[in-house]
file input.cif (mmCIF, C-alpha atoms)
data_start
loop_
_atom_site.group_PDB
_atom_site.id
_atom_site.type_symbol
_atom_site.label_atom_id
_atom_site.label_comp_id
_atom_site.auth_asym_id
_atom_site.auth_seq_id
_atom_site.Cartn_x
_atom_site.Cartn_y
_atom_site.Cartn_z
ATOM 1 C CA MET U 166 -46.362 23.738 -63.246
ATOM 2 C CA SER U 167 -47.912 21.420 -60.640
ATOM 3 C CA ALA U 168 -44.724 21.224 -58.547
ATOM 4 C CA PRO U 169 -44.758 24.924 -57.538
ATOM 5 C CA ALA U 170 -48.470 24.675 -56.655
ATOM 6 C CA GLN U 171 -47.740 21.593 -54.539
ATOM 7 C CA THR U 172 -44.863 23.392 -52.797
ATOM 8 C CA LEU U 173 -47.037 26.443 -52.129
ATOM 9 C CA ARG U 174 -49.807 24.288 -50.672
ATOM 10 C CA SER U 175 -47.273 22.423 -48.548
ATOM 11 C CA ASP U 176 -45.795 25.714 -47.256
ATOM 12 C CA ASN U 177 -49.284 27.018 -46.439
ATOM 13 C CA ARG U 178 -49.998 23.875 -44.460
ATOM 14 C CA ARG U 179 -46.690 24.183 -42.625
ATOM 15 C CA GLU U 180 -47.457 27.807 -41.759
ATOM 16 C CA LEU U 181 -50.915 26.833 -40.483
ATOM 17 C CA ILE U 182 -49.403 24.055 -38.366
ATOM 18 C CA LEU U 183 -46.823 26.427 -36.881
ATOM 19 C CA GLU U 184 -49.424 29.097 -36.082
ATOM 20 C CA SER U 185 -51.807 26.559 -34.535
ATOM 21 C CA ALA U 186 -49.028 24.947 -32.489
ATOM 22 C CA ALA U 187 -47.821 28.336 -31.235
ATOM 23 C CA ASP U 188 -51.355 29.265 -30.189
ATOM 24 C CA LEU U 189 -51.894 25.968 -28.363
ATOM 25 C CA PHE U 190 -48.450 25.996 -26.706
ATOM 26 C CA VAL U 191 -49.258 29.462 -25.316
ATOM 27 C CA ARG U 192 -52.799 28.645 -24.191
ATOM 28 C CA ARG U 193 -52.298 25.091 -22.904
ATOM 29 C CA GLY U 194 -48.560 24.844 -22.410
ATOM 30 C CA TYR U 195 -46.225 22.549 -24.276
ATOM 31 C CA GLY U 196 -46.944 19.584 -22.018
ATOM 32 C CA GLY U 197 -50.701 20.174 -22.237
ATOM 33 C CA THR U 198 -50.752 20.125 -26.033
ATOM 34 C CA SER U 199 -50.732 16.921 -28.056
ATOM 35 C CA MET U 200 -50.068 16.391 -31.730
ATOM 36 C CA ARG U 201 -53.710 15.319 -31.941
ATOM 37 C CA ASP U 202 -54.736 18.753 -30.552
ATOM 38 C CA ILE U 203 -52.620 20.504 -33.166
ATOM 39 C CA ALA U 204 -53.997 18.304 -35.947
ATOM 40 C CA LYS U 205 -57.558 19.082 -34.842
ATOM 41 C CA ALA U 206 -56.816 22.827 -34.789
ATOM 42 C CA THR U 207 -55.483 22.644 -38.352
ATOM 43 C CA GLY U 208 -58.232 20.369 -39.672
ATOM 44 C CA MET U 209 -55.694 17.670 -40.500
ATOM 45 C CA LEU U 210 -55.340 14.038 -39.535
ATOM 46 C CA SER U 211 -52.802 13.431 -36.765
ATOM 47 C CA GLY U 212 -50.641 11.312 -39.050
ATOM 48 C CA SER U 213 -50.480 14.144 -41.596
ATOM 49 C CA LEU U 214 -48.563 16.342 -39.152
ATOM 50 C CA TYR U 215 -45.707 13.866 -39.218
ATOM 51 C CA TYR U 216 -45.230 14.586 -42.919
ATOM 52 C CA HIS U 217 -44.133 18.093 -41.884
ATOM 53 C CA PHE U 218 -42.616 17.444 -38.426
ATOM 54 C CA ALA U 219 -41.066 14.223 -37.143
ATOM 55 C CA SER U 220 -42.181 14.878 -33.548
ATOM 56 C CA LYS U 221 -43.804 17.392 -31.226
ATOM 57 C CA GLU U 222 -40.306 18.457 -30.139
ATOM 58 C CA ALA U 223 -39.363 19.144 -33.772
ATOM 59 C CA LEU U 224 -42.522 21.218 -34.129
ATOM 60 C CA LEU U 225 -41.715 23.138 -30.929
ATOM 61 C CA LEU U 226 -38.223 23.804 -32.242
ATOM 62 C CA SER U 227 -39.660 25.316 -35.452
ATOM 63 C CA VAL U 228 -42.119 27.465 -33.476
ATOM 64 C CA PHE U 229 -39.290 28.571 -31.175
ATOM 65 C CA GLU U 230 -37.072 29.398 -34.188
ATOM 66 C CA GLU U 231 -39.804 31.624 -35.609
ATOM 67 C CA GLY U 232 -40.233 33.396 -32.269
ATOM 68 C CA VAL U 233 -36.488 33.976 -31.990
ATOM 69 C CA ARG U 234 -36.441 35.263 -35.584
ATOM 70 C CA LEU U 235 -39.217 37.775 -34.863
ATOM 71 C CA LEU U 236 -37.529 39.018 -31.687
ATOM 72 C CA SER U 237 -34.076 39.117 -33.305
ATOM 73 C CA ASP U 238 -35.268 40.996 -36.376
ATOM 74 C CA SER U 239 -37.053 43.580 -34.240
ATOM 75 C CA VAL U 240 -34.090 44.168 -31.925
ATOM 76 C CA ASP U 241 -31.575 44.189 -34.793
ATOM 77 C CA GLN U 242 -33.616 46.805 -36.671
ATOM 78 C CA ALA U 243 -33.877 48.962 -33.553
ATOM 79 C CA LEU U 244 -30.151 48.724 -32.849
ATOM 80 C CA ALA U 245 -29.252 49.541 -36.461
ATOM 81 C CA THR U 246 -30.677 53.038 -36.006
ATOM 82 C CA ALA U 247 -30.094 53.506 -32.269
ATOM 83 C CA PRO U 248 -27.721 56.167 -30.960
ATOM 84 C CA THR U 249 -24.253 55.096 -29.818
ATOM 85 C CA ASP U 250 -24.938 55.811 -26.131
ATOM 86 C CA PRO U 251 -25.098 52.357 -24.463
ATOM 87 C CA TRP U 252 -28.065 53.240 -22.225
ATOM 88 C CA GLU U 253 -30.022 54.495 -25.236
ATOM 89 C CA ARG U 254 -29.086 51.333 -27.143
ATOM 90 C CA LEU U 255 -30.322 49.204 -24.256
ATOM 91 C CA GLN U 256 -33.576 51.161 -24.221
ATOM 92 C CA ALA U 257 -33.987 50.696 -27.993
ATOM 93 C CA GLY U 258 -33.378 46.951 -27.655
ATOM 94 C CA ALA U 259 -35.789 46.704 -24.724
ATOM 95 C CA GLN U 260 -38.477 48.610 -26.621
ATOM 96 C CA ALA U 261 -38.105 46.327 -29.637
ATOM 97 C CA HIS U 262 -38.294 43.206 -27.446
ATOM 98 C CA LEU U 263 -41.383 44.492 -25.631
ATOM 99 C CA SER U 264 -43.061 45.540 -28.880
ATOM 100 C CA VAL U 265 -42.933 41.996 -30.257
ATOM 101 C CA LEU U 266 -44.083 40.446 -26.974
ATOM 102 C CA LEU U 267 -46.916 42.882 -26.402
ATOM 103 C CA ASP U 268 -48.266 42.800 -29.952
ATOM 104 C CA GLY U 269 -49.550 39.338 -29.099
ATOM 105 C CA SER U 270 -47.114 37.235 -31.128
ATOM 106 C CA ASN U 271 -47.718 33.656 -30.023
ATOM 107 C CA PHE U 272 -44.328 32.716 -31.465
ATOM 108 C CA ALA U 273 -42.539 35.202 -29.183
ATOM 109 C CA HIS U 274 -44.649 34.070 -26.236
ATOM 110 C CA VAL U 275 -43.526 30.481 -26.790
ATOM 111 C CA VAL U 276 -39.893 31.664 -26.551
ATOM 112 C CA VAL U 277 -40.502 33.223 -23.134
ATOM 113 C CA ARG U 278 -43.026 30.689 -21.757
ATOM 114 C CA VAL U 279 -41.782 27.259 -22.813
ATOM 115 C CA LEU U 280 -38.710 26.221 -20.867
ATOM 116 C CA PRO U 281 -36.065 24.209 -22.722
ATOM 117 C CA GLY U 282 -36.358 21.500 -20.060
ATOM 118 C CA ASP U 283 -39.999 20.982 -21.052
ATOM 119 C CA ALA U 284 -38.755 19.268 -24.237
ATOM 120 C CA PRO U 285 -35.685 17.196 -23.256
ATOM 121 C CA GLY U 286 -35.026 15.996 -26.809
ATOM 122 C CA ALA U 287 -34.849 19.585 -28.078
ATOM 123 C CA GLN U 288 -33.388 21.152 -24.942
ATOM 124 C CA ALA U 289 -29.885 21.822 -26.278
ATOM 125 C CA ALA U 290 -31.218 23.352 -29.519
ATOM 126 C CA LEU U 291 -33.722 25.534 -27.635
ATOM 127 C CA ILE U 292 -31.010 26.801 -25.281
ATOM 128 C CA ALA U 293 -28.729 27.552 -28.239
ATOM 129 C CA LEU U 294 -31.487 29.557 -29.952
ATOM 130 C CA ARG U 295 -32.283 31.466 -26.769
ATOM 131 C CA ASP U 296 -28.595 32.206 -26.142
ATOM 132 C CA GLN U 297 -28.120 33.308 -29.749
ATOM 133 C CA TYR U 298 -30.913 35.858 -29.304
ATOM 134 C CA GLU U 299 -29.849 37.034 -25.847
ATOM 135 C CA ALA U 300 -26.269 37.619 -27.062
ATOM 136 C CA ARG U 301 -27.529 40.976 -28.355
ATOM 137 C CA PHE U 302 -28.225 42.010 -24.783
ATOM 138 C CA TYR U 303 -24.857 40.661 -23.564
ATOM 139 C CA THR U 304 -23.125 43.043 -25.963
ATOM 140 C CA ILE U 305 -25.245 46.043 -25.002
ATOM 141 C CA VAL U 306 -25.013 45.456 -21.239
ATOM 142 C CA ASP U 307 -21.249 44.865 -21.428
ATOM 143 C CA ALA U 308 -20.883 48.360 -22.941
ATOM 144 C CA LEU U 309 -22.750 50.080 -20.079
ATOM 145 C CA PRO U 310 -20.826 52.272 -17.623
ATOM 146 C CA LEU U 311 -21.855 50.270 -14.559
ATOM 147 C CA ASP U 312 -21.008 50.703 -10.927
ATOM 148 C CA PRO U 313 -18.192 48.223 -10.153
ATOM 149 C CA GLN U 314 -20.468 46.448 -7.668
ATOM 150 C CA THR U 315 -23.074 45.749 -10.365
ATOM 151 C CA ASP U 316 -22.872 42.300 -11.931
ATOM 152 C CA PRO U 317 -23.610 42.784 -15.660
ATOM 153 C CA SER U 318 -24.895 39.237 -16.144
ATOM 154 C CA ILE U 319 -27.377 39.606 -13.257
ATOM 155 C CA LEU U 320 -28.472 42.986 -14.611
ATOM 156 C CA ARG U 321 -29.058 41.481 -18.071
ATOM 157 C CA LEU U 322 -30.972 38.491 -16.705
ATOM 158 C CA MET U 323 -33.027 40.760 -14.445
ATOM 159 C CA LEU U 324 -33.998 42.976 -17.388
ATOM 160 C CA LEU U 325 -34.852 40.039 -19.661
ATOM 161 C CA GLY U 326 -36.849 38.378 -16.884
ATOM 162 C CA ALA U 327 -38.793 41.561 -16.178
ATOM 163 C CA MET U 328 -39.515 42.135 -19.864
ATOM 164 C CA ASN U 329 -40.540 38.519 -20.433
ATOM 165 C CA HIS U 330 -43.005 38.726 -17.531
ATOM 166 C CA THR U 331 -44.597 41.941 -18.841
ATOM 167 C CA PRO U 332 -47.393 40.187 -20.824
ATOM 168 C CA VAL U 333 -48.692 38.778 -17.525
ATOM 169 C CA TRP U 334 -49.490 42.204 -16.043
ATOM 170 C CA PHE U 335 -49.552 44.562 -19.031
ATOM 171 C CA GLN U 336 -52.807 46.410 -19.685
ATOM 172 C CA PRO U 337 -53.097 47.888 -23.180
ATOM 173 C CA GLY U 338 -53.725 51.617 -23.156
ATOM 174 C CA ARG U 339 -51.901 52.293 -19.893
ATOM 175 C CA ALA U 340 -48.439 52.436 -21.428
ATOM 176 C CA THR U 341 -46.720 51.755 -24.726
ATOM 177 C CA PRO U 342 -43.714 49.468 -25.204
ATOM 178 C CA ALA U 343 -41.613 52.632 -25.624
ATOM 179 C CA GLU U 344 -42.823 54.026 -22.287
ATOM 180 C CA LEU U 345 -42.259 50.717 -20.516
ATOM 181 C CA ALA U 346 -38.745 50.423 -21.942
ATOM 182 C CA ARG U 347 -37.978 53.978 -20.822
ATOM 183 C CA HIS U 348 -39.151 53.163 -17.268
ATOM 184 C CA PHE U 349 -37.231 49.875 -17.136
ATOM 185 C CA ILE U 350 -33.982 51.474 -18.274
ATOM 186 C CA ARG U 351 -34.391 54.595 -16.141
ATOM 187 C CA ASN U 352 -34.812 52.387 -13.056
ATOM 188 C CA LEU U 353 -31.836 50.207 -13.978
ATOM 189 C CA ARG U 354 -29.687 53.217 -14.722
ATOM 190 C CA GLY U 355 -30.616 54.841 -11.425
ATOM 191 C CA THR U 356 -29.331 51.869 -9.451
ATOM 192 C CA ALA U 357 -26.579 50.361 -11.603
ATOM 193 C CA ALA U 358 -24.807 53.227 -13.385
ATOM 194 C CA THR U 359 -21.427 54.520 -12.252
ATOM 195 C CA PRO U 360 -21.961 57.345 -9.730
#
call {"tool": "encode", "arguments": {"input": "input.cif", "output": "structure tokens"}}
result
Amino acid sequence: MSAPAQTLRSDNRRELILESAADLFVRRGYGGTSMRDIAKATGMLSGSLYYHFASKEALLLSVFEEGVRLLSDSVDQALATAPTDPWERLQAGAQAHLSVLLDGSNFAHVVVRVLPGDAPGAQAALIALRDQYEARFYTIVDALPLDPQTDPSILRLMLLGAMNHTPVWFQPGRATPAELARHFIRNLRGTAATP
């Protein structure tokens, strides 16, 4: 009976550590956040964090994984019910991506703000997670009827870059994620679609 209670308490601590780390990584940056800062935010001793995570890079990787999971789940759900038209699918994926970013998810913000090169020991794993998520957009963009002069990989990167920068300038109440996605895709379609 005590083992499940111990596991539950351990999981709660892990969740608190992840949430605190995500918050600090967003507010102070990965480089500006120490394990001591995270321990203080969780009310734990610094050494106690190492029971859950071997290093700050391991902790970042777990935060990044959660952010990728949130984004992936949102986009996958949107695409599961999206129409078959590739432009409408791209808009559904963009709306789902923006919804997670603009709802204030620190985990998603870590995915778009922390560069893999910021954590050299985790760089390859972070890139793999990012690429795994972005593969959804590869598939959608590859299905678009694009003008032959339009480079699909540049179009995809341009869209992802624009969406990932949205939290910097977005003002709640002026537009919804659905409206922003519609504008993004309408503009892309106007310049990149086959004439």
call {"tool": "residues_around", "arguments": {"input": "input.cif", "residues": "U:Tyr215", "least_positions_apart": "4", "cutoff": "12 Å", "atoms": "all atoms listed in the file", "output": "list in words"}}
result
Arg179, Ile182, Met200, Arg201, Ile203, Ala204, Met209, Leu210, Ser211, Ala219, Ser220, Lys221, Glu222, Ala223 and Leu224 of chain U
call {"tool": "write_last_selection", "arguments": {"input": "input.cif", "atoms": "C-alpha atoms", "output": "compact mmCIF listing (two decimals), keeping the file's coordinate frame"}}
result
# COMPACT_ATOMS: atom_id res chain seq x y z
CA ARG U 179 -46.69 24.18 -42.62
CA ILE U 182 -49.40 24.06 -38.37
CA MET U 200 -50.07 16.39 -31.73
CA ARG U 201 -53.71 15.32 -31.94
CA ILE U 203 -52.62 20.50 -33.17
CA ALA U 204 -54.00 18.30 -35.95
CA MET U 209 -55.69 17.67 -40.50
CA LEU U 210 -55.34 14.04 -39.53
CA SER U 211 -52.80 13.43 -36.76
CA ALA U 219 -41.07 14.22 -37.14
CA SER U 220 -42.18 14.88 -33.55
CA LYS U 221 -43.80 17.39 -31.23
CA GLU U 222 -40.31 18.46 -30.14
CA ALA U 223 -39.36 19.14 -33.77
CA LEU U 224 -42.52 21.22 -34.13
call {"tool": "residues_around", "arguments": {"input": "input.cif", "residues": "stretch 262-271 of chain U", "least_positions_apart": "4", "cutoff": "9 Å", "atoms": "only C-alpha atoms", "output": "list in words"}}
result
Glu184, Ala187, Asp188, Leu189, Phe190, Val191, Gly232, Leu235, Leu236, Ser237, Ser239, Val240, Ala257, Gly258, Val275, Val276, Val277, Met328, Asn329, Thr331, Pro332, Phe335, Pro337, Thr341, Pro342, Ala343, Leu345 and Ala346 of chain U
call {"tool": "atom_distance", "arguments": {"input": "input.cif", "atom1": "atom CA of U:Pro310", "atom2": "atom CA of U:Thr359"}}
result
5.9 Å
call {"tool": "closest_residue", "arguments": {"input": "input.cif", "among": "U:Glu180, U:Phe349, U:Phe302, U:Leu309", "to": "U:Ser227", "atoms": "all atoms listed in the file"}}
result
U:Glu180
call {"tool": "atom_distance", "arguments": {"input": "input.cif", "atom1": "atom CA of U:His330", "atom2": "atom CA of U:Leu291"}}
result
19.0 Å
call {"tool": "atom_distance", "arguments": {"input": "input.cif", "atom1": "atom CA of U:Asp238", "atom2": "atom CA of U:Ala273"}}
result
11.8 Å
call {"tool": "residues_around", "arguments": {"input": "input.cif", "residues": "U:Lys205", "least_positions_apart": "6", "cutoff": "12 Å", "atoms": "only C-alpha atoms", "output": "PyMOL selection string"}}
result
chain U and resi 181-182+185-186+189+198-199+211-214
call {"tool": "residues_around", "arguments": {"input": "input.cif", "residues": "U:Asp241", "least_positions_apart": "5", "cutoff": "12 Å", "atoms": "all atoms listed in the file", "output": "list in words"}}
result
Val233, Arg234, Leu235, Leu236, Thr246, Ala247, Arg254, Leu255, Ala257, Gly258, Ala259, Gln260, Ala261, His262, Tyr298, Glu299, Ala300, Arg301, Phe302 and Ile305 of chain U
call {"tool": "decode", "arguments": {"input": "input.cif", "residues": "stretch 253-275 of chain U", "atoms": "N, CA, C and O atoms", "output": "short mmCIF file (atom, residue, chain, number, x, y, z; two decimals), in the first residue's frame"}}
result
data_model
loop_
_atom_site.label_atom_id
_atom_site.label_comp_id
_atom_site.auth_asym_id
_atom_site.auth_seq_id
_atom_site.Cartn_x
_atom_site.Cartn_y
_atom_site.Cartn_z
N GLU U 253 -6.72 23.48 -46.50
CA GLU U 253 -7.54 23.45 -45.29
C GLU U 253 -6.85 22.62 -44.20
O GLU U 253 -6.96 22.94 -43.01
N ARG U 254 -6.15 21.58 -44.59
CA ARG U 254 -5.40 20.78 -43.62
C ARG U 254 -4.26 21.60 -43.02
O ARG U 254 -4.01 21.55 -41.82
N LEU U 255 -3.59 22.37 -43.86
CA LEU U 255 -2.51 23.22 -43.36
C LEU U 255 -3.07 24.26 -42.39
O LEU U 255 -2.47 24.52 -41.34
N GLN U 256 -4.22 24.82 -42.73
CA GLN U 256 -4.84 25.80 -41.83
C GLN U 256 -5.23 25.15 -40.51
O GLN U 256 -5.02 25.74 -39.43
N ALA U 257 -5.76 23.94 -40.55
CA ALA U 257 -6.14 23.23 -39.31
C ALA U 257 -4.90 22.95 -38.45
O ALA U 257 -4.93 23.13 -37.23
N GLY U 258 -3.81 22.52 -39.10
CA GLY U 258 -2.58 22.28 -38.36
C GLY U 258 -2.01 23.56 -37.76
O GLY U 258 -1.56 23.57 -36.61
N ALA U 259 -2.05 24.63 -38.54
CA ALA U 259 -1.55 25.93 -38.06
C ALA U 259 -2.39 26.42 -36.88
O ALA U 259 -1.84 26.91 -35.88
N GLN U 260 -3.70 26.29 -36.98
CA GLN U 260 -4.57 26.72 -35.88
C GLN U 260 -4.27 25.94 -34.61
O GLN U 260 -4.19 26.51 -33.52
N ALA U 261 -4.08 24.63 -34.74
CA ALA U 261 -3.79 23.80 -33.57
C ALA U 261 -2.45 24.20 -32.95
O ALA U 261 -2.33 24.30 -31.72
N HIS U 262 -1.45 24.43 -33.77
CA HIS U 262 -0.13 24.84 -33.29
C HIS U 262 -0.24 26.18 -32.55
O HIS U 262 0.26 26.31 -31.42
N LEU U 263 -0.92 27.14 -33.16
CA LEU U 263 -1.06 28.46 -32.55
C LEU U 263 -1.88 28.39 -31.26
O LEU U 263 -1.57 29.10 -30.30
N SER U 264 -2.88 27.53 -31.23
CA SER U 264 -3.71 27.42 -30.02
C SER U 264 -2.88 27.01 -28.81
O SER U 264 -3.03 27.56 -27.72
N VAL U 265 -2.00 26.03 -29.00
CA VAL U 265 -1.16 25.58 -27.88
C VAL U 265 -0.18 26.69 -27.48
O VAL U 265 -0.01 26.97 -26.29
N LEU U 266 0.44 27.32 -28.47
CA LEU U 266 1.40 28.38 -28.15
C LEU U 266 0.75 29.57 -27.45
O LEU U 266 1.31 30.13 -26.51
N LEU U 267 -0.42 29.96 -27.92
CA LEU U 267 -1.04 31.18 -27.41
C LEU U 267 -1.87 30.96 -26.16
O LEU U 267 -2.32 31.92 -25.56
N ASP U 268 -2.05 29.69 -25.75
CA ASP U 268 -2.76 29.47 -24.49
C ASP U 268 -1.81 29.62 -23.31
O ASP U 268 -2.19 29.49 -22.16
N GLY U 269 -0.55 29.93 -23.60
CA GLY U 269 0.42 30.19 -22.54
C GLY U 269 1.17 28.97 -22.05
O GLY U 269 1.78 29.02 -20.98
N SER U 270 1.15 27.87 -22.78
CA SER U 270 1.86 26.67 -22.35
C SER U 270 3.37 26.93 -22.31
O SER U 270 4.00 27.13 -23.35
N ASN U 271 3.93 26.92 -21.12
CA ASN U 271 5.37 27.10 -20.99
C ASN U 271 6.13 25.97 -21.68
O ASN U 271 7.21 26.19 -22.24
N PHE U 272 5.56 24.77 -21.66
CA PHE U 272 6.23 23.63 -22.30
C PHE U 272 6.38 23.89 -23.81
O PHE U 272 7.44 23.67 -24.37
N ALA U 273 5.30 24.36 -24.45
CA ALA U 273 5.36 24.65 -25.88
C ALA U 273 6.31 25.82 -26.15
O ALA U 273 7.05 25.81 -27.14
N HIS U 274 6.33 26.78 -25.26
CA HIS U 274 7.23 27.93 -25.44
C HIS U 274 8.70 27.50 -25.37
O HIS U 274 9.54 28.05 -26.07
N VAL U 275 8.99 26.53 -24.52
CA VAL U 275 10.37 26.02 -24.45
C VAL U 275 10.76 25.41 -25.80
O VAL U 275 11.87 25.62 -26.29
#
